[in-house]
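Reviewing the structure listed below.
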Amino acid sequence: MENPINTISSITVFLLILLLIGCSTSEEFSGYSYDPKDVTETSDKETNPHYTRVIGVNDGKIWVSNDFPGARMNDFYQVNDSLYRVAIKPERDAINNSPWYAFQIWSVEPDTIKLQLDYEHGDHRYIPKLSKDSRHWQRIDSTNYSADTTRGTATLTLNLERKPLWVSAQELFTWNDYKAWADSLTKKSFISQDTVGFSHNNHPIIKLNISETNTDEPRGVMIITGRLHPPEVTGALGTEAFINELASDTELAKKFRNNFEIWAYPFANPDGVQQGHWRYNARGVDLNRDWEHFKQPETRAIRNDLLPLKNDSLRKVYYGIDFHSTDENIFYPINREEKTFPDDFTYQWIDSLKKEFPEYPIEVEPFPPNSPITKNWIFHTFGADAVTYETSDEAPRDSMRTVTRESARIIMEQLIEEQKQ
């Protein structure tokens with residue numbers, strides 16, 4: 001006969017295990033390791049003001065300005081005869097380390113100066129890009145740039161003249177650039193542009209619809225989002241290259257558009273971009289943590305536009321891509337153990353891309369779909385597979401565009417094959 005004490009002990013252990021499992025799976029997501037505290041509490045927050053102005057120092061010989069869209073420069077000082085300092089502060093104190101900066105600087109007479117980038121609540125991250133017209137950019141020469149990893153600052157050597165020099169963390173890609181690109185695309189008969197909502201500062205949340213499907217027949221849908229985080233310019237350039245390929249005149253793209261619709265929201269945080277924010281929208285919220293409660297107008301507008309797809313008998317969501325950038329080329333797919341539709345699609349796509357570009361560095365880091373981010377909402381809402389597509393901050397632009405366009409071609413081919421099954 002079984003010992004009743006052993007039976008009770010076994011039951012107790014079993015119940016304890018169930019309790020632990022329940023706690024681990026039901027615990028509410030509170031943020032990734034790099035997130036500030038309370039990042040998933042997405043109600044409006046107070047932000048630090050960023051005053052646009054022109055500042056002159058050294059008896060009016062050296063000048064700086066932050067009076068343009070996408071600028072971030074809070075103050076300017078002369079430290080000594082040869083060193084000047086730009087002070088850069090984020091829109092909120094509690095923030096990820098994405099210290100964006102952009103300003104103009106010039107001298108009344110030709111001069112060579114040293115300029116220190118000094119950050120509050122952050123450490124230097126982006127290698128400076130320089131431009132004489134805000135359109136054509138190049139990375140600063142390595143001999144004229146050094147970063148102090150101990151102090152989190154950077155020092156630049158700049159040759160100044162009367163014509164302003166633009167200094168920025170990345171190329172400027174702001175509202176006018178997006179609008180010009182979107183308008184150029186909509187000259188094609190199969191692309192339409194719509195406004196699905198407005199940001200806090202009344203910027204339109206733009207949607208591009210790309211399709212040549214028969215509206216009376218079933219078709220697939222691909223969802224694309226981009227620029228939820230303002231400094232992530234390489235992700236924005238990747239979004240542009242990817243969509244351009246989907247909208248191209250190739251036979252593959254035409255075939256894809258005959259079977260699939262593309263619903264794209266490439267400029268999801270226009271306020272943050274225009275105001276030169278490090279991470280947030282105009283109300284101090286990380287928009288890629290607001291895909292559960294939808295307290296912000298930008299995410300809410302995109303969600304409301306997409307939700308009718310759930311009950312559309314002729315449309316089926318096949319895939320979602322959210323474009324970002326970080327310090328490496330990396331894909332964040334949903335854990336392989338999760339059942340998605342199409343099943344295992346992201347991993348097959350990545351394998352094909354790696355075979356095509358064996359020398360191009362690509363990392364893969366799966367995550368469980370428990371956080372309130374874009375790709376997880378797509379998965380939970382439509383059952384579709386989805387990925388966060390991150391491009392390296394310093395990726396060579398030409399090769400990045402080549403790889404991104406090829407990734408679009410691979411996805412089109414594989415989604416067409418999936419639809420046949």
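Scheme for the structure tokens: letters A, B, ... for chains in order shown; per-chain residue numbers from 1; ligand numbers from 1 in order shown.
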
request  = Output as a VMD selection string all residues of range 118-200 of chain A that backbone DSSP marks as strand (DSSP E or B).
outcome  = chain A and resid 118 to 119 129 to 131 138 to 139 145 to 148 153 to 160 165 to 168 191 to 198

Output N, CA and C atoms for every residue in the selection just made, as a PDB file, in the first residue's frame.
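Final output, saved to part21.pdb:
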```
ATOM      1  N   ASP A 118      28.286  66.544 -25.839  1.00  0.00           N
ATOM      2  CA  ASP A 118      28.126  66.198 -24.436  1.00  0.00           C
ATOM      3  C   ASP A 118      26.654  65.892 -24.162  1.00  0.00           C
ATOM      4  N   TYR A 119      26.373  64.702 -23.629  1.00  0.00           N
ATOM      5  CA  TYR A 119      24.992  64.233 -23.486  1.00  0.00           C
ATOM      6  C   TYR A 119      24.545  64.199 -22.032  1.00  0.00           C
ATOM      7  N   LYS A 129      27.556  62.402 -39.094  1.00  0.00           N
ATOM      8  CA  LYS A 129      27.432  62.551 -40.536  1.00  0.00           C
ATOM      9  C   LYS A 129      27.428  64.049 -40.835  1.00  0.00           C
ATOM     10  N   LEU A 130      28.096  64.445 -41.916  1.00  0.00           N
ATOM     11  CA  LEU A 130      28.248  65.853 -42.264  1.00  0.00           C
ATOM     12  C   LEU A 130      27.618  66.139 -43.623  1.00  0.00           C
ATOM     13  N   SER A 131      27.101  67.348 -43.774  1.00  0.00           N
ATOM     14  CA  SER A 131      26.507  67.751 -45.042  1.00  0.00           C
ATOM     15  C   SER A 131      26.611  69.259 -45.193  1.00  0.00           C
ATOM     16  N   GLN A 138      27.964  62.504 -45.702  1.00  0.00           N
ATOM     17  CA  GLN A 138      29.065  61.546 -45.600  1.00  0.00           C
ATOM     18  C   GLN A 138      29.513  61.448 -44.148  1.00  0.00           C
ATOM     19  N   ARG A 139      29.995  60.265 -43.797  1.00  0.00           N
ATOM     20  CA  ARG A 139      30.487  60.064 -42.431  1.00  0.00           C
ATOM     21  C   ARG A 139      31.752  60.886 -42.210  1.00  0.00           C
ATOM     22  N   TYR A 145      37.659  62.572 -35.637  1.00  0.00           N
ATOM     23  CA  TYR A 145      36.604  62.141 -34.710  1.00  0.00           C
ATOM     24  C   TYR A 145      37.165  61.164 -33.688  1.00  0.00           C
ATOM     25  N   SER A 146      36.800  61.370 -32.428  1.00  0.00           N
ATOM     26  CA  SER A 146      37.168  60.415 -31.387  1.00  0.00           C
ATOM     27  C   SER A 146      36.049  60.366 -30.357  1.00  0.00           C
ATOM     28  N   ALA A 147      35.808  59.165 -29.836  1.00  0.00           N
ATOM     29  CA  ALA A 147      34.768  58.967 -28.820  1.00  0.00           C
ATOM     30  C   ALA A 147      35.425  58.582 -27.506  1.00  0.00           C
ATOM     31  N   ASP A 148      34.962  59.196 -26.435  1.00  0.00           N
ATOM     32  CA  ASP A 148      35.445  58.883 -25.095  1.00  0.00           C
ATOM     33  C   ASP A 148      34.415  57.975 -24.437  1.00  0.00           C
ATOM     34  N   THR A 153      31.264  60.897 -24.259  1.00  0.00           N
ATOM     35  CA  THR A 153      31.256  62.059 -25.139  1.00  0.00           C
ATOM     36  C   THR A 153      31.973  61.729 -26.445  1.00  0.00           C
ATOM     37  N   ALA A 154      31.951  62.672 -27.368  1.00  0.00           N
ATOM     38  CA  ALA A 154      32.721  62.560 -28.611  1.00  0.00           C
ATOM     39  C   ALA A 154      33.279  63.938 -28.942  1.00  0.00           C
ATOM     40  N   THR A 155      34.441  63.966 -29.594  1.00  0.00           N
ATOM     41  CA  THR A 155      35.065  65.223 -29.992  1.00  0.00           C
ATOM     42  C   THR A 155      35.319  65.203 -31.499  1.00  0.00           C
ATOM     43  N   LEU A 156      34.887  66.266 -32.172  1.00  0.00           N
ATOM     44  CA  LEU A 156      35.017  66.386 -33.615  1.00  0.00           C
ATOM     45  C   LEU A 156      35.954  67.539 -33.953  1.00  0.00           C
ATOM     46  N   THR A 157      36.714  67.375 -35.010  1.00  0.00           N
ATOM     47  CA  THR A 157      37.471  68.484 -35.585  1.00  0.00           C
ATOM     48  C   THR A 157      36.741  68.927 -36.846  1.00  0.00           C
ATOM     49  N   LEU A 158      36.320  70.188 -36.876  1.00  0.00           N
ATOM     50  CA  LEU A 158      35.491  70.680 -37.967  1.00  0.00           C
ATOM     51  C   LEU A 158      36.148  71.881 -38.639  1.00  0.00           C
ATOM     52  N   ASN A 159      36.146  71.871 -39.960  1.00  0.00           N
ATOM     53  CA  ASN A 159      36.604  73.017 -40.750  1.00  0.00           C
ATOM     54  C   ASN A 159      35.372  73.847 -41.112  1.00  0.00           C
ATOM     55  N   LEU A 160      35.288  75.029 -40.536  1.00  0.00           N
ATOM     56  CA  LEU A 160      34.093  75.852 -40.682  1.00  0.00           C
ATOM     57  C   LEU A 160      34.327  77.021 -41.632  1.00  0.00           C
ATOM     58  N   LEU A 165      27.503  74.253 -41.886  1.00  0.00           N
ATOM     59  CA  LEU A 165      27.783  72.828 -41.998  1.00  0.00           C
ATOM     60  C   LEU A 165      26.742  72.098 -41.150  1.00  0.00           C
ATOM     61  N   TRP A 166      26.094  71.082 -41.723  1.00  0.00           N
ATOM     62  CA  TRP A 166      25.127  70.277 -40.995  1.00  0.00           C
ATOM     63  C   TRP A 166      25.861  69.121 -40.330  1.00  0.00           C
ATOM     64  N   VAL A 167      25.623  68.947 -39.033  1.00  0.00           N
ATOM     65  CA  VAL A 167      26.210  67.837 -38.271  1.00  0.00           C
ATOM     66  C   VAL A 167      25.048  67.050 -37.674  1.00  0.00           C
ATOM     67  N   SER A 168      25.012  65.747 -37.923  1.00  0.00           N
ATOM     68  CA  SER A 168      23.867  64.962 -37.467  1.00  0.00           C
ATOM     69  C   SER A 168      24.272  63.534 -37.151  1.00  0.00           C
ATOM     70  N   ILE A 191      -0.894  52.173 -56.688  1.00  0.00           N
ATOM     71  CA  ILE A 191      -0.530  52.624 -55.338  1.00  0.00           C
ATOM     72  C   ILE A 191      -1.413  53.796 -54.955  1.00  0.00           C
ATOM     73  N   SER A 192      -2.027  53.692 -53.790  1.00  0.00           N
ATOM     74  CA  SER A 192      -2.822  54.799 -53.261  1.00  0.00           C
ATOM     75  C   SER A 192      -2.268  55.215 -51.903  1.00  0.00           C
ATOM     76  N   GLN A 193      -2.506  56.467 -51.561  1.00  0.00           N
ATOM     77  CA  GLN A 193      -2.029  57.031 -50.299  1.00  0.00           C
ATOM     78  C   GLN A 193      -3.228  57.531 -49.511  1.00  0.00           C
ATOM     79  N   ASP A 194      -3.215  57.236 -48.222  1.00  0.00           N
ATOM     80  CA  ASP A 194      -4.341  57.624 -47.387  1.00  0.00           C
ATOM     81  C   ASP A 194      -3.818  58.122 -46.047  1.00  0.00           C
ATOM     82  N   THR A 195      -4.647  58.863 -45.342  1.00  0.00           N
ATOM     83  CA  THR A 195      -4.342  59.283 -43.974  1.00  0.00           C
ATOM     84  C   THR A 195      -5.279  58.530 -43.037  1.00  0.00           C
ATOM     85  N   VAL A 196      -4.705  57.715 -42.146  1.00  0.00           N
ATOM     86  CA  VAL A 196      -5.534  56.878 -41.267  1.00  0.00           C
ATOM     87  C   VAL A 196      -5.761  57.518 -39.904  1.00  0.00           C
ATOM     88  N   GLY A 197      -5.087  58.610 -39.629  1.00  0.00           N
ATOM     89  CA  GLY A 197      -5.221  59.296 -38.349  1.00  0.00           C
ATOM     90  C   GLY A 197      -4.201  60.408 -38.263  1.00  0.00           C
ATOM     91  N   PHE A 198      -4.095  60.992 -37.074  1.00  0.00           N
ATOM     92  CA  PHE A 198      -3.177  62.110 -36.885  1.00  0.00           C
ATOM     93  C   PHE A 198      -2.424  61.947 -35.572  1.00  0.00           C
TER      94      PHE A 198
END
```

Residues within 10 Å of Glu41 in chain A, only C-alpha atoms, excluding chain neighbours under 6 positions, as a short mmCIF file (atom, residue, chain, number, x, y, z; two decimals) with C-alpha atoms, in the first residue's frame:
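So selection-v5.cif came out as:
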```cif
data_model
loop_
_atom_site.label_atom_id
_atom_site.label_comp_id
_atom_site.auth_asym_id
_atom_site.auth_seq_id
_atom_site.Cartn_x
_atom_site.Cartn_y
_atom_site.Cartn_z
CA SER A 30 7.38 45.08 -17.96
CA GLY A 31 10.12 45.80 -20.49
CA VAL A 285 5.85 57.43 -25.04
CA ASP A 286 7.71 54.59 -26.76
CA ARG A 289 5.45 49.44 -26.35
CA ASP A 290 1.88 50.65 -26.96
CA HIS A 293 -3.51 49.35 -24.62
CA LYS A 295 -3.21 54.93 -25.53
#
```

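You will find CA of Ile411 in chain A at 28.1 Å from CA of Gln170 in chain A.
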
Residue neighbourhood Asn304 in chain A, 10 Å, only C-alpha atoms, exclusion window fewer than 3 positions, as a PDB file with N, CA and C atoms, in the first residue's frame:
```pdb
ATOM      1  N   VAL A 196      -4.705  57.715 -42.146  1.00  0.00           N
ATOM      2  CA  VAL A 196      -5.534  56.878 -41.267  1.00  0.00           C
ATOM      3  C   VAL A 196      -5.761  57.518 -39.904  1.00  0.00           C
ATOM      4  N   GLY A 197      -5.087  58.610 -39.629  1.00  0.00           N
ATOM      5  CA  GLY A 197      -5.221  59.296 -38.349  1.00  0.00           C
ATOM      6  C   GLY A 197      -4.201  60.408 -38.263  1.00  0.00           C
ATOM      7  N   PHE A 294      -2.948  50.768 -26.538  1.00  0.00           N
ATOM      8  CA  PHE A 294      -3.192  51.746 -27.597  1.00  0.00           C
ATOM      9  C   PHE A 294      -3.666  53.085 -27.040  1.00  0.00           C
ATOM     10  N   THR A 299      -0.421  54.770 -32.737  1.00  0.00           N
ATOM     11  CA  THR A 299      -0.649  53.319 -32.753  1.00  0.00           C
ATOM     12  C   THR A 299      -2.132  53.004 -32.889  1.00  0.00           C
ATOM     13  N   ARG A 300      -2.960  53.808 -32.258  1.00  0.00           N
ATOM     14  CA  ARG A 300      -4.405  53.574 -32.324  1.00  0.00           C
ATOM     15  C   ARG A 300      -4.926  53.725 -33.761  1.00  0.00           C
ATOM     16  N   ALA A 301      -4.393  54.703 -34.484  1.00  0.00           N
ATOM     17  CA  ALA A 301      -4.828  54.920 -35.869  1.00  0.00           C
ATOM     18  C   ALA A 301      -4.474  53.730 -36.748  1.00  0.00           C
ATOM     19  N   LEU A 307      -7.765  46.545 -38.112  1.00  0.00           N
ATOM     20  CA  LEU A 307      -8.699  45.617 -37.481  1.00  0.00           C
ATOM     21  C   LEU A 307      -9.781  45.048 -38.418  1.00  0.00           C
ATOM     22  N   PRO A 308     -10.316  45.819 -39.365  1.00  0.00           N
ATOM     23  CA  PRO A 308     -11.330  45.242 -40.260  1.00  0.00           C
ATOM     24  C   PRO A 308     -10.849  44.023 -41.043  1.00  0.00           C
ATOM     25  N   LEU A 309      -9.536  43.844 -41.145  1.00  0.00           N
ATOM     26  CA  LEU A 309      -9.021  42.665 -41.850  1.00  0.00           C
ATOM     27  C   LEU A 309      -9.426  41.369 -41.158  1.00  0.00           C
TER      28      LEU A 309
END
```

message = Would you pick out the contacts of range 296-298 of chain A at 12 Å or less, using only C-alpha atoms, so that residues sharing its chain but fewer than 3 positions from it are not included, and give the list as an MDAnalysis selection string?
response = chainID A and resid 40:45 195:207 225:228 265:272 280:293 301:305

Residues as selected, N, CA and C atoms, written as a compact mmCIF listing (two decimals), in the first residue's frame, can you do that?
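Okay, out.txt is ready:
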```
# COMPACT_ATOMS: atom_id res chain seq x y z
N THR A 40 6.10 50.29 -20.41
CA THR A 40 4.84 49.79 -20.95
C THR A 40 3.62 50.53 -20.40
N GLU A 41 3.85 51.50 -19.53
CA GLU A 41 2.75 52.37 -19.08
C GLU A 41 2.73 53.53 -20.07
N THR A 42 1.83 53.47 -21.04
CA THR A 42 1.95 54.33 -22.21
C THR A 42 0.98 55.52 -22.20
N SER A 43 0.57 55.95 -21.01
CA SER A 43 -0.18 57.21 -20.92
C SER A 43 0.76 58.37 -21.23
N ASP A 44 0.19 59.53 -21.54
CA ASP A 44 0.98 60.71 -21.86
C ASP A 44 1.95 61.05 -20.73
N LYS A 45 3.17 61.42 -21.09
CA LYS A 45 4.19 61.82 -20.12
C LYS A 45 4.62 63.28 -20.41
N THR A 195 -4.65 58.86 -45.34
CA THR A 195 -4.34 59.28 -43.97
C THR A 195 -5.28 58.53 -43.04
N VAL A 196 -4.71 57.72 -42.15
CA VAL A 196 -5.53 56.88 -41.27
C VAL A 196 -5.76 57.52 -39.90
N GLY A 197 -5.09 58.61 -39.63
CA GLY A 197 -5.22 59.30 -38.35
C GLY A 197 -4.20 60.41 -38.26
N PHE A 198 -4.09 60.99 -37.07
CA PHE A 198 -3.18 62.11 -36.88
C PHE A 198 -2.42 61.95 -35.57
N SER A 199 -1.21 62.47 -35.54
CA SER A 199 -0.38 62.44 -34.34
C SER A 199 -0.85 63.51 -33.36
N HIS A 200 -0.20 63.57 -32.21
CA HIS A 200 -0.53 64.62 -31.23
C HIS A 200 -0.38 66.01 -31.84
N ASN A 201 0.65 66.18 -32.67
CA ASN A 201 0.91 67.49 -33.28
C ASN A 201 0.26 67.64 -34.65
N ASN A 202 -0.72 66.78 -34.90
CA ASN A 202 -1.55 66.88 -36.11
C ASN A 202 -0.82 66.55 -37.40
N HIS A 203 0.23 65.75 -37.31
CA HIS A 203 0.85 65.22 -38.52
C HIS A 203 0.05 64.00 -38.99
N PRO A 204 -0.18 63.86 -40.29
CA PRO A 204 -0.91 62.69 -40.78
C PRO A 204 -0.13 61.40 -40.56
N ILE A 205 -0.84 60.34 -40.21
CA ILE A 205 -0.27 59.00 -40.20
C ILE A 205 -0.60 58.41 -41.58
N ILE A 206 0.43 58.31 -42.40
CA ILE A 206 0.26 57.94 -43.80
C ILE A 206 0.18 56.43 -43.97
N LYS A 207 -0.71 56.02 -44.86
CA LYS A 207 -0.79 54.62 -45.27
C LYS A 207 -0.59 54.55 -46.79
N THR A 225 5.29 48.30 -41.09
CA THR A 225 5.36 49.50 -40.26
C THR A 225 6.80 49.96 -40.17
N GLY A 226 7.00 51.26 -39.90
CA GLY A 226 8.35 51.78 -39.81
C GLY A 226 8.41 53.10 -39.08
N ARG A 227 9.61 53.41 -38.60
CA ARG A 227 9.98 54.68 -37.95
C ARG A 227 9.15 54.95 -36.69
N LEU A 228 8.92 53.91 -35.89
CA LEU A 228 8.32 54.16 -34.58
C LEU A 228 9.30 54.87 -33.66
N TYR A 265 2.69 51.47 -43.35
CA TYR A 265 2.63 52.68 -42.51
C TYR A 265 4.08 53.06 -42.20
N PRO A 266 4.77 53.69 -43.15
CA PRO A 266 6.23 53.83 -43.03
C PRO A 266 6.70 54.93 -42.10
N PHE A 267 5.80 55.83 -41.66
CA PHE A 267 6.21 56.99 -40.87
C PHE A 267 5.32 57.11 -39.65
N ALA A 268 5.48 56.14 -38.72
CA ALA A 268 4.52 55.99 -37.62
C ALA A 268 4.70 57.00 -36.50
N ASN A 269 5.85 57.67 -36.43
CA ASN A 269 6.10 58.63 -35.34
C ASN A 269 6.58 59.96 -35.92
N PRO A 270 5.74 60.66 -36.66
CA PRO A 270 6.19 61.90 -37.30
C PRO A 270 6.58 63.00 -36.30
N ASP A 271 5.88 63.10 -35.17
CA ASP A 271 6.21 64.13 -34.19
C ASP A 271 7.62 63.92 -33.62
N GLY A 272 7.91 62.69 -33.25
CA GLY A 272 9.23 62.40 -32.68
C GLY A 272 10.35 62.70 -33.66
N TYR A 280 10.95 58.76 -28.22
CA TYR A 280 9.51 58.80 -27.96
C TYR A 280 8.75 59.66 -28.96
N ASN A 281 7.41 59.65 -28.78
CA ASN A 281 6.56 60.55 -29.55
C ASN A 281 6.44 61.88 -28.81
N ALA A 282 5.50 62.73 -29.22
CA ALA A 282 5.39 64.07 -28.62
C ALA A 282 4.95 64.04 -27.17
N ARG A 283 4.38 62.91 -26.71
CA ARG A 283 3.93 62.80 -25.32
C ARG A 283 4.81 61.85 -24.52
N GLY A 284 6.05 61.68 -24.96
CA GLY A 284 7.02 60.95 -24.16
C GLY A 284 6.77 59.46 -24.04
N VAL A 285 6.20 58.85 -25.09
CA VAL A 285 5.85 57.43 -25.04
C VAL A 285 6.59 56.67 -26.14
N ASP A 286 7.11 55.50 -25.79
CA ASP A 286 7.71 54.59 -26.76
C ASP A 286 6.57 53.89 -27.52
N LEU A 287 6.39 54.24 -28.77
CA LEU A 287 5.26 53.72 -29.53
C LEU A 287 5.36 52.22 -29.79
N ASN A 288 6.56 51.67 -29.69
CA ASN A 288 6.67 50.21 -29.86
C ASN A 288 6.52 49.46 -28.54
N ARG A 289 5.89 50.11 -27.57
CA ARG A 289 5.45 49.44 -26.35
C ARG A 289 3.96 49.72 -26.10
N ASP A 290 3.28 50.25 -27.11
CA ASP A 290 1.88 50.65 -26.96
C ASP A 290 0.96 49.82 -27.84
N TRP A 291 1.34 48.55 -28.06
CA TRP A 291 0.53 47.69 -28.93
C TRP A 291 -0.32 46.71 -28.12
N GLU A 292 -0.69 47.14 -26.91
CA GLU A 292 -1.64 46.39 -26.11
C GLU A 292 -2.80 47.30 -25.69
N HIS A 293 -2.47 48.45 -25.12
CA HIS A 293 -3.51 49.35 -24.62
C HIS A 293 -3.84 50.49 -25.60
N ALA A 301 -4.39 54.70 -34.48
CA ALA A 301 -4.83 54.92 -35.87
C ALA A 301 -4.47 53.73 -36.75
N ILE A 302 -3.26 53.20 -36.58
CA ILE A 302 -2.84 52.05 -37.39
C ILE A 302 -3.65 50.82 -37.02
N ARG A 303 -3.84 50.59 -35.71
CA ARG A 303 -4.65 49.45 -35.28
C ARG A 303 -6.05 49.52 -35.85
N ASN A 304 -6.69 50.68 -35.74
CA ASN A 304 -8.06 50.81 -36.21
C ASN A 304 -8.18 50.59 -37.71
N ASP A 305 -7.15 50.96 -38.43
CA ASP A 305 -7.18 50.74 -39.87
C ASP A 305 -7.03 49.26 -40.22
```

message = Which residues are near Val221 in chain A? Cut-off 6 Å, only C-alpha atoms, ignore same chain within fewer than 6 positions. Put them as a VMD selection string.
response = chain A and resid 260 to 262 316 to 318

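The nearest approach to Arg401 in chain A among the residues A:Phe242, A:Tyr389, A:Phe76, A:Trp63, with only C-alpha atoms taken into account, belongs to A:Phe242.
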